[in-house]
file run-v3.csv (CSV, C-alpha atoms and all ligand atoms)
chain,number,residue,atom,x,y,z
A,1,LEU,CA,92.9,-6.5,-11.5
A,2,ARG,CA,90.4,-5.9,-14.3
A,3,GLU,CA,90.4,-9.6,-15.1
A,4,HIS,CA,89.8,-10.5,-11.5
A,5,GLU,CA,86.9,-8.1,-11.4
A,6,GLU,CA,85.3,-9.6,-14.4
A,7,PHE,CA,85.6,-13.2,-13.1
A,8,THR,CA,84.0,-12.3,-9.8
A,9,LYS,CA,81.2,-10.2,-11.2
A,10,VAL,CA,77.7,-11.6,-10.6
A,11,LYS,CA,75.9,-13.2,-13.5
A,12,ASN,CA,73.7,-10.5,-15.1
A,13,ILE,CA,71.8,-12.1,-18.0
A,14,ALA,CA,70.1,-15.3,-16.9
A,15,THR,CA,68.8,-16.6,-20.2
A,16,ILE,CA,69.0,-15.9,-23.9
A,17,GLU,CA,66.8,-16.7,-26.8
A,18,LEU,CA,68.7,-17.8,-29.9
A,19,GLY,CA,66.9,-19.3,-32.9
A,20,ARG,CA,64.6,-22.0,-31.6
A,21,TYR,CA,66.4,-22.4,-28.3
A,22,GLU,CA,66.1,-20.7,-24.9
A,23,ILE,CA,69.5,-21.2,-23.2
A,24,GLU,CA,70.4,-20.7,-19.6
A,25,THR,CA,73.7,-18.7,-19.3
A,26,TRP,CA,76.7,-19.8,-17.2
A,27,TYR,CA,78.8,-16.6,-16.5
A,28,PHE,CA,78.9,-12.9,-16.5
A,29,SER,CA,79.3,-11.0,-19.8
A,30,PRO,CA,80.0,-7.3,-20.0
A,31,PHE,CA,77.0,-6.2,-22.2
A,32,PRO,CA,76.7,-2.4,-22.6
A,33,PRO,CA,75.1,-0.9,-19.4
A,34,GLU,CA,71.6,-0.4,-21.0
A,35,TYR,CA,71.2,-4.2,-21.2
A,36,ASN,CA,72.2,-5.0,-17.7
A,37,ASP,CA,68.8,-4.6,-16.1
A,38,SER,CA,67.3,-7.4,-18.3
A,39,LEU,CA,67.3,-11.0,-17.2
A,40,LYS,CA,66.7,-12.2,-20.7
A,41,LEU,CA,68.1,-11.1,-24.0
A,42,TYR,CA,66.8,-12.0,-27.5
A,43,PHE,CA,69.4,-12.7,-30.2
A,44,CYS,CA,68.9,-12.7,-33.9
A,45,GLU,CA,70.5,-16.1,-34.7
A,46,PHE,CA,72.0,-14.8,-37.9
A,47,CYS,CA,73.5,-11.4,-37.3
A,48,LEU,CA,73.7,-11.9,-33.5
A,49,ASN,CA,72.2,-8.5,-32.7
A,50,PHE,CA,70.6,-8.7,-29.3
A,51,MET,CA,67.5,-7.0,-27.9
A,52,LYS,CA,65.7,-6.6,-24.6
A,53,ARG,CA,62.2,-7.4,-25.8
A,54,LYS,CA,60.6,-10.2,-27.9
A,55,GLU,CA,58.7,-7.7,-30.0
A,56,GLN,CA,61.9,-6.0,-31.0
A,57,LEU,CA,63.3,-9.3,-32.1
A,58,GLN,CA,60.2,-10.1,-34.1
A,59,ARG,CA,60.4,-6.7,-35.8
A,60,HIS,CA,64.1,-7.3,-36.5
A,61,MET,CA,63.5,-10.7,-38.0
A,62,ARG,CA,61.1,-9.2,-40.6
A,63,LYS,CA,63.9,-7.0,-41.9
A,64,CYS,CA,67.1,-8.8,-41.2
A,65,ASP,CA,68.2,-10.3,-44.5
A,66,LEU,CA,71.0,-12.6,-43.2
A,67,LYS,CA,70.5,-16.3,-43.3
A,68,HIS,CA,74.0,-17.3,-42.4
A,69,PRO,CA,77.1,-15.7,-40.7
A,70,PRO,CA,78.5,-12.8,-42.7
A,71,GLY,CA,81.6,-14.4,-44.2
A,72,ASP,CA,82.9,-16.9,-46.6
A,73,GLU,CA,81.7,-20.5,-46.5
A,74,ILE,CA,84.9,-22.4,-46.3
A,75,TYR,CA,83.7,-25.9,-45.6
A,76,ARG,CA,80.5,-27.8,-46.4
A,77,SER,CA,79.8,-31.5,-45.8
A,78,GLY,CA,76.1,-32.6,-45.7
A,79,THR,CA,74.2,-30.1,-43.6
A,80,LEU,CA,77.3,-28.9,-41.8
A,81,SER,CA,78.9,-25.7,-43.0
A,82,MET,CA,81.8,-23.6,-41.6
A,83,PHE,CA,81.9,-19.8,-42.2
A,84,GLU,CA,85.0,-17.7,-41.9
A,85,VAL,CA,84.2,-14.2,-40.6
A,86,ASP,CA,86.9,-11.5,-40.6
A,87,GLY,CA,86.5,-9.3,-37.5
A,88,LYS,CA,87.7,-6.3,-39.3
A,89,LYS,CA,85.1,-6.5,-42.1
A,90,ASN,CA,82.3,-7.5,-39.7
A,91,LYS,CA,83.1,-5.7,-36.5
A,92,VAL,CA,79.6,-5.7,-35.1
A,93,TYR,CA,79.1,-9.4,-35.7
A,94,GLY,CA,82.4,-10.1,-34.1
A,95,GLN,CA,81.6,-8.1,-31.0
A,96,ASN,CA,78.1,-9.6,-30.8
A,97,LEU,CA,79.7,-13.1,-31.0
A,98,CYS,CA,82.1,-12.2,-28.2
A,99,TYR,CA,79.3,-10.9,-25.9
A,100,LEU,CA,77.4,-14.1,-26.6
A,101,ALA,CA,80.4,-16.4,-26.1
A,102,LYS,CA,81.4,-14.8,-22.8
A,103,LEU,CA,78.2,-16.0,-21.3
A,104,PHE,CA,79.7,-19.5,-21.4
A,105,LEU,CA,83.4,-18.8,-21.0
A,106,ASP,CA,84.8,-18.1,-17.5
A,107,HIS,CA,88.5,-17.6,-17.8
A,108,LYS,CA,88.5,-15.2,-20.7
A,109,THR,CA,88.5,-11.5,-21.0
A,110,LEU,CA,86.4,-10.0,-23.7
A,111,TYR,CA,88.3,-8.8,-26.7
A,112,TYR,CA,87.1,-5.4,-27.8
A,113,ASP,CA,89.6,-5.5,-30.6
A,114,VAL,CA,87.9,-7.9,-32.9
A,115,ASP,CA,89.8,-6.6,-35.9
A,116,LEU,CA,92.7,-8.9,-35.1
A,117,PHE,CA,90.7,-12.1,-35.2
A,118,LEU,CA,89.0,-14.5,-37.5
A,119,PHE,CA,85.9,-16.2,-36.4
A,120,TYR,CA,85.1,-19.7,-37.6
A,121,VAL,CA,81.4,-20.3,-37.1
A,122,LEU,CA,80.0,-23.8,-37.5
A,123,CYS,CA,76.4,-24.1,-38.6
A,124,GLU,CA,73.8,-26.8,-39.2
A,125,CYS,CA,71.9,-25.7,-42.3
A,126,ASP,CA,68.3,-26.3,-43.4
A,127,ASP,CA,65.7,-24.5,-45.6
A,128,ARG,CA,65.3,-21.8,-42.9
A,129,GLY,CA,69.0,-20.9,-42.9
A,130,CYS,CA,72.3,-21.8,-41.2
A,131,HIS,CA,72.0,-22.2,-37.5
A,132,MET,CA,75.1,-21.6,-35.4
A,133,VAL,CA,76.1,-24.6,-33.3
A,134,GLY,CA,79.5,-23.2,-32.1
A,135,TYR,CA,82.6,-21.4,-33.2
A,136,PHE,CA,86.3,-20.8,-32.5
A,137,SER,CA,88.3,-17.6,-32.9
A,138,LYS,CA,91.8,-17.3,-34.0
A,139,GLU,CA,94.3,-14.4,-34.1
A,140,LYS,CA,95.3,-13.4,-37.6
A,141,HIS,CA,98.9,-13.3,-36.5
A,142,SER,CA,99.8,-15.1,-33.3
A,143,GLU,CA,103.3,-14.6,-31.9
A,144,GLU,CA,102.8,-17.5,-29.5
A,145,SER,CA,101.8,-19.9,-32.3
A,146,TYR,CA,98.2,-20.1,-30.9
A,147,ASN,CA,95.9,-21.7,-33.4
A,148,LEU,CA,92.8,-21.0,-31.4
A,149,ALA,CA,91.8,-18.3,-29.0
A,150,CYS,CA,88.3,-19.3,-27.8
A,151,ILE,CA,86.1,-22.2,-28.5
A,152,LEU,CA,82.5,-22.7,-27.8
A,153,THR,CA,79.8,-25.2,-28.5
A,154,LEU,CA,76.4,-23.7,-27.6
A,155,PRO,CA,74.8,-25.7,-24.7
A,156,PRO,CA,72.0,-27.3,-26.7
A,157,TYR,CA,74.6,-28.8,-29.1
A,158,GLN,CA,77.2,-29.9,-26.6
A,159,ARG,CA,78.4,-33.5,-26.1
A,160,LYS,CA,77.6,-34.4,-29.7
A,161,GLY,CA,81.1,-34.2,-31.1
A,162,TYR,CA,81.0,-30.6,-32.4
A,163,GLY,CA,83.8,-29.6,-30.0
A,164,LYS,CA,86.1,-32.2,-31.3
A,165,PHE,CA,85.2,-31.2,-34.8
A,166,LEU,CA,86.0,-27.6,-34.1
A,167,ILE,CA,89.3,-28.6,-32.5
A,168,ALA,CA,90.3,-30.9,-35.4
A,169,PHE,CA,89.3,-28.1,-37.8
A,170,SER,CA,91.2,-25.3,-36.1
A,171,ALA,CA,94.0,-27.0,-34.6
A,172,TYR,CA,95.0,-29.2,-37.1
A,173,GLU,CA,93.5,-28.9,-40.5
A,174,LEU,CA,94.2,-25.2,-40.6
A,175,SER,CA,97.6,-25.4,-39.0
A,176,LYS,CA,98.6,-28.3,-41.1
A,177,LYS,CA,97.7,-26.4,-44.2
A,178,GLU,CA,99.7,-23.4,-43.0
A,179,GLY,CA,102.6,-25.8,-42.2
A,180,LYS,CA,102.8,-24.6,-38.6
A,181,VAL,CA,102.6,-26.2,-35.2
A,182,GLY,CA,99.9,-24.8,-33.0
A,183,THR,CA,98.3,-24.9,-29.6
A,184,PRO,CA,95.2,-23.3,-28.0
A,185,GLU,CA,95.5,-20.1,-26.0
A,186,ARG,CA,95.8,-20.7,-22.2
A,187,PRO,CA,94.2,-20.9,-19.8
A,188,LEU,CA,91.9,-23.8,-20.8
A,189,SER,CA,88.6,-24.4,-19.0
A,190,ASP,CA,88.0,-27.8,-17.5
A,191,LEU,CA,85.8,-28.7,-20.4
A,192,GLY,CA,88.3,-27.2,-22.9
A,193,LEU,CA,91.1,-29.3,-21.4
A,194,LEU,CA,88.9,-32.5,-21.5
A,195,SER,CA,88.1,-31.9,-25.1
A,196,TYR,CA,91.7,-31.2,-26.1
A,197,ARG,CA,93.1,-34.1,-24.1
A,198,GLY,CA,90.5,-36.3,-25.9
A,199,TYR,CA,91.5,-35.0,-29.3
A,200,TRP,CA,95.3,-35.3,-28.7
A,201,THR,CA,94.9,-38.7,-27.2
A,202,ARG,CA,93.0,-40.1,-30.2
A,203,VAL,CA,95.3,-38.6,-32.8
A,204,LEU,CA,98.5,-39.7,-31.1
A,205,LEU,CA,97.3,-43.2,-30.3
A,206,ASP,CA,96.2,-43.7,-33.9
A,207,ILE,CA,99.7,-42.9,-35.1
A,208,LEU,CA,101.5,-44.9,-32.5
A,209,LYS,CA,99.3,-47.9,-33.2
A,210,LYS,CA,100.2,-47.8,-36.9
A,211,HIS,CA,103.8,-46.9,-36.6
A,212,LYS,CA,106.5,-49.5,-36.6
A,213,GLY,CA,109.7,-48.9,-34.7
A,214,ASN,CA,110.8,-45.9,-32.6
A,215,ILE,CA,109.3,-42.5,-33.0
A,216,SER,CA,110.2,-39.2,-31.3
A,217,ILE,CA,108.0,-36.4,-30.0
A,218,LYS,CA,109.5,-34.1,-32.6
A,219,GLU,CA,108.4,-36.5,-35.4
A,220,LEU,CA,104.9,-36.8,-33.9
A,221,SER,CA,104.7,-33.0,-33.8
A,222,ASP,CA,105.8,-32.7,-37.5
A,223,MET,CA,103.2,-35.2,-38.5
A,224,THR,CA,100.3,-33.8,-36.5
A,225,ALA,CA,101.0,-30.0,-36.1
A,226,ILE,CA,100.5,-30.6,-32.3
A,227,LYS,CA,103.0,-28.7,-30.2
A,228,ALA,CA,105.7,-30.9,-28.5
A,229,GLU,CA,104.7,-29.9,-25.0
A,230,ASP,CA,101.0,-30.9,-25.6
A,231,ILE,CA,102.3,-34.3,-27.0
A,232,LEU,CA,104.5,-34.8,-24.0
A,233,THR,CA,101.8,-34.0,-21.4
A,234,THR,CA,99.2,-36.2,-23.2
A,235,LEU,CA,101.6,-39.2,-23.5
A,236,GLN,CA,102.7,-38.7,-19.9
A,237,SER,CA,99.0,-38.8,-18.7
A,238,LEU,CA,98.7,-42.1,-20.6
A,239,GLU,CA,101.9,-43.4,-19.0
A,240,LEU,CA,103.6,-43.9,-22.4
A,241,ILE,CA,106.7,-41.8,-21.5
A,242,GLN,CA,109.8,-42.9,-19.7
A,243,TYR,CA,112.7,-40.7,-18.7
A,244,ARG,CA,116.0,-42.2,-19.7
A,245,LYS,CA,119.4,-40.6,-19.6
A,246,GLY,CA,118.0,-37.1,-19.4
A,247,GLN,CA,115.5,-37.7,-22.3
A,248,HIS,CA,111.8,-38.4,-22.7
A,249,VAL,CA,111.3,-41.6,-24.6
A,250,ILE,CA,108.0,-42.9,-25.9
A,251,CYS,CA,107.4,-46.5,-24.8
A,252,ALA,CA,104.4,-47.6,-26.8
A,253,ASP,CA,103.7,-51.1,-25.6
A,254,PRO,CA,101.0,-52.5,-28.0
A,255,LYS,CA,98.9,-53.9,-25.1
A,256,VAL,CA,98.9,-50.5,-23.4
A,257,LEU,CA,98.0,-48.8,-26.6
A,258,ASP,CA,95.0,-51.1,-27.2
A,259,ARG,CA,93.8,-50.5,-23.7
A,260,HIS,CA,93.9,-46.7,-24.2
A,261,LEU,CA,92.4,-46.9,-27.6
A,262,LYS,CA,89.4,-48.8,-26.3
A,263,ALA,CA,89.0,-46.3,-23.4
A,264,ALA,CA,89.3,-43.3,-25.8
A,265,GLY,CA,86.1,-44.4,-27.6
A,266,ARG,CA,84.9,-42.9,-30.9
A,267,GLY,CA,86.5,-39.9,-32.5
A,268,GLY,CA,83.2,-37.9,-33.1
A,269,LEU,CA,82.4,-36.0,-36.3
A,270,ASP,CA,85.3,-36.2,-38.7
A,271,VAL,CA,86.6,-33.3,-40.7
A,272,ASP,CA,86.4,-34.3,-44.4
A,273,VAL,CA,89.5,-32.5,-45.6
A,274,SER,CA,88.4,-32.7,-49.3
A,275,LYS,CA,85.5,-30.4,-48.4
A,276,LEU,CA,87.7,-27.6,-47.1
A,277,ILE,CA,87.9,-24.7,-49.5
A,278,TRP,CA,90.4,-22.4,-47.8
A,279,THR,CA,93.8,-20.6,-48.1
A,280,PRO,CA,95.7,-19.2,-45.1
A,281,TYR,CA,95.1,-15.6,-44.2
A,282,LYS,CA,97.8,-13.3,-45.6
B,1,LIG,N1,81.3,-33.7,-18.9
B,1,LIG,C1,82.4,-34.5,-19.0
B,1,LIG,N2,83.1,-34.6,-20.2
B,1,LIG,C2,82.8,-33.7,-21.1
B,1,LIG,C3,81.8,-32.8,-21.0
B,1,LIG,C4,81.0,-32.8,-19.8
B,1,LIG,N3,79.9,-32.0,-19.6
B,1,LIG,N4,81.7,-32.1,-22.2
B,1,LIG,C5,82.7,-32.5,-22.9
B,1,LIG,N5,83.4,-33.5,-22.3
B,1,LIG,C6,84.6,-34.2,-22.8
B,1,LIG,C7,84.3,-35.6,-23.2
B,1,LIG,O1,85.5,-36.3,-23.0
B,1,LIG,C8,84.0,-35.4,-24.6
B,1,LIG,O2,84.3,-36.6,-25.4
B,1,LIG,P1,83.3,-37.9,-25.3
B,1,LIG,O3,81.9,-37.3,-25.6
B,1,LIG,O4,83.8,-38.7,-26.5
B,1,LIG,O5,83.5,-38.5,-24.0
B,1,LIG,C9,84.9,-34.3,-25.1
B,1,LIG,O6,85.0,-33.5,-24.0
B,1,LIG,C10,84.5,-33.6,-26.3
B,1,LIG,O7,83.1,-33.6,-26.5
B,1,LIG,P2,82.4,-32.9,-27.7
B,1,LIG,O8,81.0,-33.3,-27.8
B,1,LIG,O9,83.2,-33.0,-28.9
B,1,LIG,O10,82.5,-31.4,-27.2
B,1,LIG,P3,81.4,-30.2,-27.1
B,1,LIG,O11,80.7,-30.0,-28.4
B,1,LIG,O12,80.5,-30.5,-25.9
B,1,LIG,O13,82.3,-29.0,-26.8
B,1,LIG,C11,83.5,-27.5,-25.4
B,1,LIG,C12,83.4,-28.9,-25.9
B,1,LIG,C13,83.7,-26.6,-26.6
B,1,LIG,C14,84.7,-27.3,-24.5
B,1,LIG,C15,82.2,-27.1,-24.7
B,1,LIG,O14,82.1,-27.8,-23.5
B,1,LIG,C16,82.0,-25.6,-24.4
B,1,LIG,O15,81.7,-24.8,-25.2
B,1,LIG,N6,82.2,-25.3,-23.1
B,1,LIG,C17,82.0,-23.9,-22.6
B,1,LIG,C18,83.1,-23.0,-23.2
B,1,LIG,C19,84.5,-23.5,-22.9
B,1,LIG,O16,84.8,-23.9,-21.7
B,1,LIG,N7,85.4,-23.5,-23.9
B,1,LIG,C20,86.8,-23.8,-23.7
B,1,LIG,C21,87.5,-22.7,-23.1
B,1,LIG,S1,89.3,-22.8,-23.3
B,1,LIG,C22,89.6,-22.0,-24.7
B,1,LIG,O17,88.7,-21.4,-25.3
B,1,LIG,C23,91.0,-22.0,-25.3
B,2,ZN,ZN,69.6,-10.2,-37.7

call {"tool": "encode", "arguments": {"input": "run-v3.csv", "output": "structure tokens", "more": "lines below"}}
Ligand code: ACO
Ligand code: ZN
result
Amino acid sequence: LREHEEFTKVKNIATIELGRYEIETWYFSPFPPEYNDSLKLYFCEFCLNFMKRKEQLQRHMRKCDLKHPPGDEIYRSGTLSMFEVDGKKNKVYGQNLCYLAKLFLDHKTLYYDVDLFLFYVLCECDDRGCHMVGYFSKEKHSEESYNLACILTLPPYQRKGYGKFLIAFSAYELSKKEGKVGTPERPLSDLGLLSYRGYWTRVLLDILKKHKGNISIKELSDMTAIKAEDILTTLQSLELIQYRKGQHVICADPKVLDRHLKAAGRGGLDVDVSKLIWTPYK
């Protein structure tokens, strides 16, 4: 019931200011009641504290000494950096990030228990600081082998390949390093599903294209850290699966593969694994 109430609540905050962007919001987010009478909120782009008035933000910016998310920089390539923020060590930041993200996420309830999560915040950095472009969150210990809880690219940065970068980073660079198969938490939004489908399609087609001879779903899963069910539904949607004698068999006709590869287009920004400085959470 609570979930249903949250979904159907009317959008409260109409726009936010964040760094140099003014962004129109998409959905309701349960900000504390004292913020609910404002149409616009002003966020500090570094600590993500939010305020009701521009003058408050200006005053805040004079004394806020953060220039990047409060955590360890675990990846840097060119101007792109990823920070890992522990929700337990940075509770307020984690909560602020959840309030902000909920403005763009429909089918998600807000986690008040940020202690249990790690937040991976992707930034474009320049001489003024590291500007958040998006993030994903991940449970420290997931019983369902989820490798991602929520993913968001802020609207001004969408459709530039950051989503695919975040998926590749979460889903597979981290899971592969942990030696675990993973999958995103359900339900996925329409845009989430499109992005994941795109990512899975590209990864699987690349392997099938190079591979000689038969290959099973289990083998693909071991190679990619993608969960078998996700491989099956992706290959089914590409019509590369046949059902024979009670078993799903991959039928990778080279002509069909080429056609799909062409349609799949470019892979977006690549994760340069050599730039990853990270060990799994203990
Ligand atoms: N219309 C059509 N297709 C789209 C759109 C769109 N508006 N946006 C993304 N896609 C598809 C495309 O196939 C695109 O690949 P292409 O550009 O090669 O065609 C692919 O998704 C990925 O595009 P990216 O640029 O890599 O992704 P982006 O940075 O835009 O981020 C994301 C995708 C994170 C889903 C973003 O749309 C977003 O933040 N949406 C709001 C929050 C959300 O729905 N998150 C997922 C919830 S589910 C979960 O969290 C587990
Ligand atoms: Zn601040």

call {"tool": "closest_residue", "arguments": {"input": "run-v3.csv", "among": "A:Thr79, A:Ser38, A:Gln95, A:Ser189", "to": "Ile151 (chain A)", "atoms": "all atoms listed in the file"}}
result
A:Ser189

call {"tool": "closest_residue", "arguments": {"input": "run-v3.csv", "among": "A:Val181, A:Leu204, A:Ile241, A:Leu276", "to": "Glu144 (chain A)", "atoms": "all atoms listed in the file"}}
result
A:Val181

call {"tool": "residues_near_ligand", "arguments": {"input": "run-v3.csv", "ligand": "ligand LIG 1 (chain B)", "cutoff": "9 Å", "atoms": "all atoms listed in the file", "output": "VMD selection string"}}
result
chain A and resid 26 101 to 108 133 to 137 148 to 155 157 to 167 183 to 199 264 to 269

call {"tool": "write_last_selection", "arguments": {"input": "run-v3.csv", "atoms": "C-alpha atoms", "output": "compact mmCIF listing (two decimals), in the coordinates of the input"}}
result
# COMPACT_ATOMS: atom_id res chain seq x y z
CA TRP A 26 76.70 -19.80 -17.20
CA ALA A 101 80.40 -16.40 -26.10
CA LYS A 102 81.40 -14.80 -22.80
CA LEU A 103 78.20 -16.00 -21.30
CA PHE A 104 79.70 -19.50 -21.40
CA LEU A 105 83.40 -18.80 -21.00
CA ASP A 106 84.80 -18.10 -17.50
CA HIS A 107 88.50 -17.60 -17.80
CA LYS A 108 88.50 -15.20 -20.70
CA VAL A 133 76.10 -24.60 -33.30
CA GLY A 134 79.50 -23.20 -32.10
CA TYR A 135 82.60 -21.40 -33.20
CA PHE A 136 86.30 -20.80 -32.50
CA SER A 137 88.30 -17.60 -32.90
CA LEU A 148 92.80 -21.00 -31.40
CA ALA A 149 91.80 -18.30 -29.00
CA CYS A 150 88.30 -19.30 -27.80
CA ILE A 151 86.10 -22.20 -28.50
CA LEU A 152 82.50 -22.70 -27.80
CA THR A 153 79.80 -25.20 -28.50
CA LEU A 154 76.40 -23.70 -27.60
CA PRO A 155 74.80 -25.70 -24.70
CA TYR A 157 74.60 -28.80 -29.10
CA GLN A 158 77.20 -29.90 -26.60
CA ARG A 159 78.40 -33.50 -26.10
CA LYS A 160 77.60 -34.40 -29.70
CA GLY A 161 81.10 -34.20 -31.10
CA TYR A 162 81.00 -30.60 -32.40
CA GLY A 163 83.80 -29.60 -30.00
CA LYS A 164 86.10 -32.20 -31.30
CA PHE A 165 85.20 -31.20 -34.80
CA LEU A 166 86.00 -27.60 -34.10
CA ILE A 167 89.30 -28.60 -32.50
CA THR A 183 98.30 -24.90 -29.60
CA PRO A 184 95.20 -23.30 -28.00
CA GLU A 185 95.50 -20.10 -26.00
CA ARG A 186 95.80 -20.70 -22.20
CA PRO A 187 94.20 -20.90 -19.80
CA LEU A 188 91.90 -23.80 -20.80
CA SER A 189 88.60 -24.40 -19.00
CA ASP A 190 88.00 -27.80 -17.50
CA LEU A 191 85.80 -28.70 -20.40
CA GLY A 192 88.30 -27.20 -22.90
CA LEU A 193 91.10 -29.30 -21.40
CA LEU A 194 88.90 -32.50 -21.50
CA SER A 195 88.10 -31.90 -25.10
CA TYR A 196 91.70 -31.20 -26.10
CA ARG A 197 93.10 -34.10 -24.10
CA GLY A 198 90.50 -36.30 -25.90
CA TYR A 199 91.50 -35.00 -29.30
CA ALA A 264 89.30 -43.30 -25.80
CA GLY A 265 86.10 -44.40 -27.60
CA ARG A 266 84.90 -42.90 -30.90
CA GLY A 267 86.50 -39.90 -32.50
CA GLY A 268 83.20 -37.90 -33.10
CA LEU A 269 82.40 -36.00 -36.30

call {"tool": "residues_near_ligand", "arguments": {"input": "run-v3.csv", "ligand": "ligand ZN 2 (chain B)", "cutoff": "8 Å", "atoms": "all atoms listed in the file", "output": "list in words"}}
result
Phe43, Cys44, Glu45, Phe46, Cys47, Leu48, Asn49, His60, Met61, Lys63, Cys64, Asp65 and Leu66 of chain A

call {"tool": "atom_distance", "arguments": {"input": "run-v3.csv", "atom1": "CA of Val273 (chain A)", "atom2": "CA of Tyr146 (chain A)"}}
result
21.1 Å

call {"tool": "decode", "arguments": {"input": "run-v3.csv", "residues": "region 228-239 of chain A", "atoms": "N, CA and C atoms", "output": "short mmCIF file (atom, residue, chain, number, x, y, z; two decimals), in the first residue's frame"}}
result
data_model
loop_
_atom_site.label_atom_id
_atom_site.label_comp_id
_atom_site.auth_asym_id
_atom_site.auth_seq_id
_atom_site.Cartn_x
_atom_site.Cartn_y
_atom_site.Cartn_z
N ALA A 228 22.03 -16.05 -16.22
CA ALA A 228 21.52 -16.90 -17.30
C ALA A 228 20.15 -16.45 -17.83
N GLU A 229 19.23 -16.08 -16.92
CA GLU A 229 17.89 -15.64 -17.37
C GLU A 229 17.98 -14.41 -18.28
N ASP A 230 18.88 -13.48 -17.93
CA ASP A 230 19.01 -12.26 -18.75
C ASP A 230 19.59 -12.60 -20.12
N ILE A 231 20.49 -13.59 -20.14
CA ILE A 231 21.06 -14.02 -21.42
C ILE A 231 19.96 -14.66 -22.27
N LEU A 232 19.18 -15.52 -21.62
CA LEU A 232 18.12 -16.21 -22.36
C LEU A 232 17.11 -15.21 -22.95
N THR A 233 16.61 -14.27 -22.13
CA THR A 233 15.59 -13.34 -22.67
C THR A 233 16.19 -12.45 -23.76
N THR A 234 17.44 -12.07 -23.59
CA THR A 234 18.07 -11.22 -24.62
C THR A 234 18.20 -11.99 -25.93
N LEU A 235 18.72 -13.21 -25.84
CA LEU A 235 18.90 -13.99 -27.08
C LEU A 235 17.56 -14.37 -27.69
N GLN A 236 16.56 -14.59 -26.83
CA GLN A 236 15.22 -14.88 -27.37
C GLN A 236 14.69 -13.67 -28.14
N SER A 237 14.90 -12.49 -27.60
CA SER A 237 14.39 -11.30 -28.29
C SER A 237 15.11 -11.08 -29.62
N LEU A 238 16.30 -11.64 -29.74
CA LEU A 238 17.05 -11.54 -31.00
C LEU A 238 16.78 -12.74 -31.91
N GLU A 239 15.91 -13.61 -31.44
CA GLU A 239 15.56 -14.84 -32.18
C GLU A 239 16.78 -15.72 -32.47
#
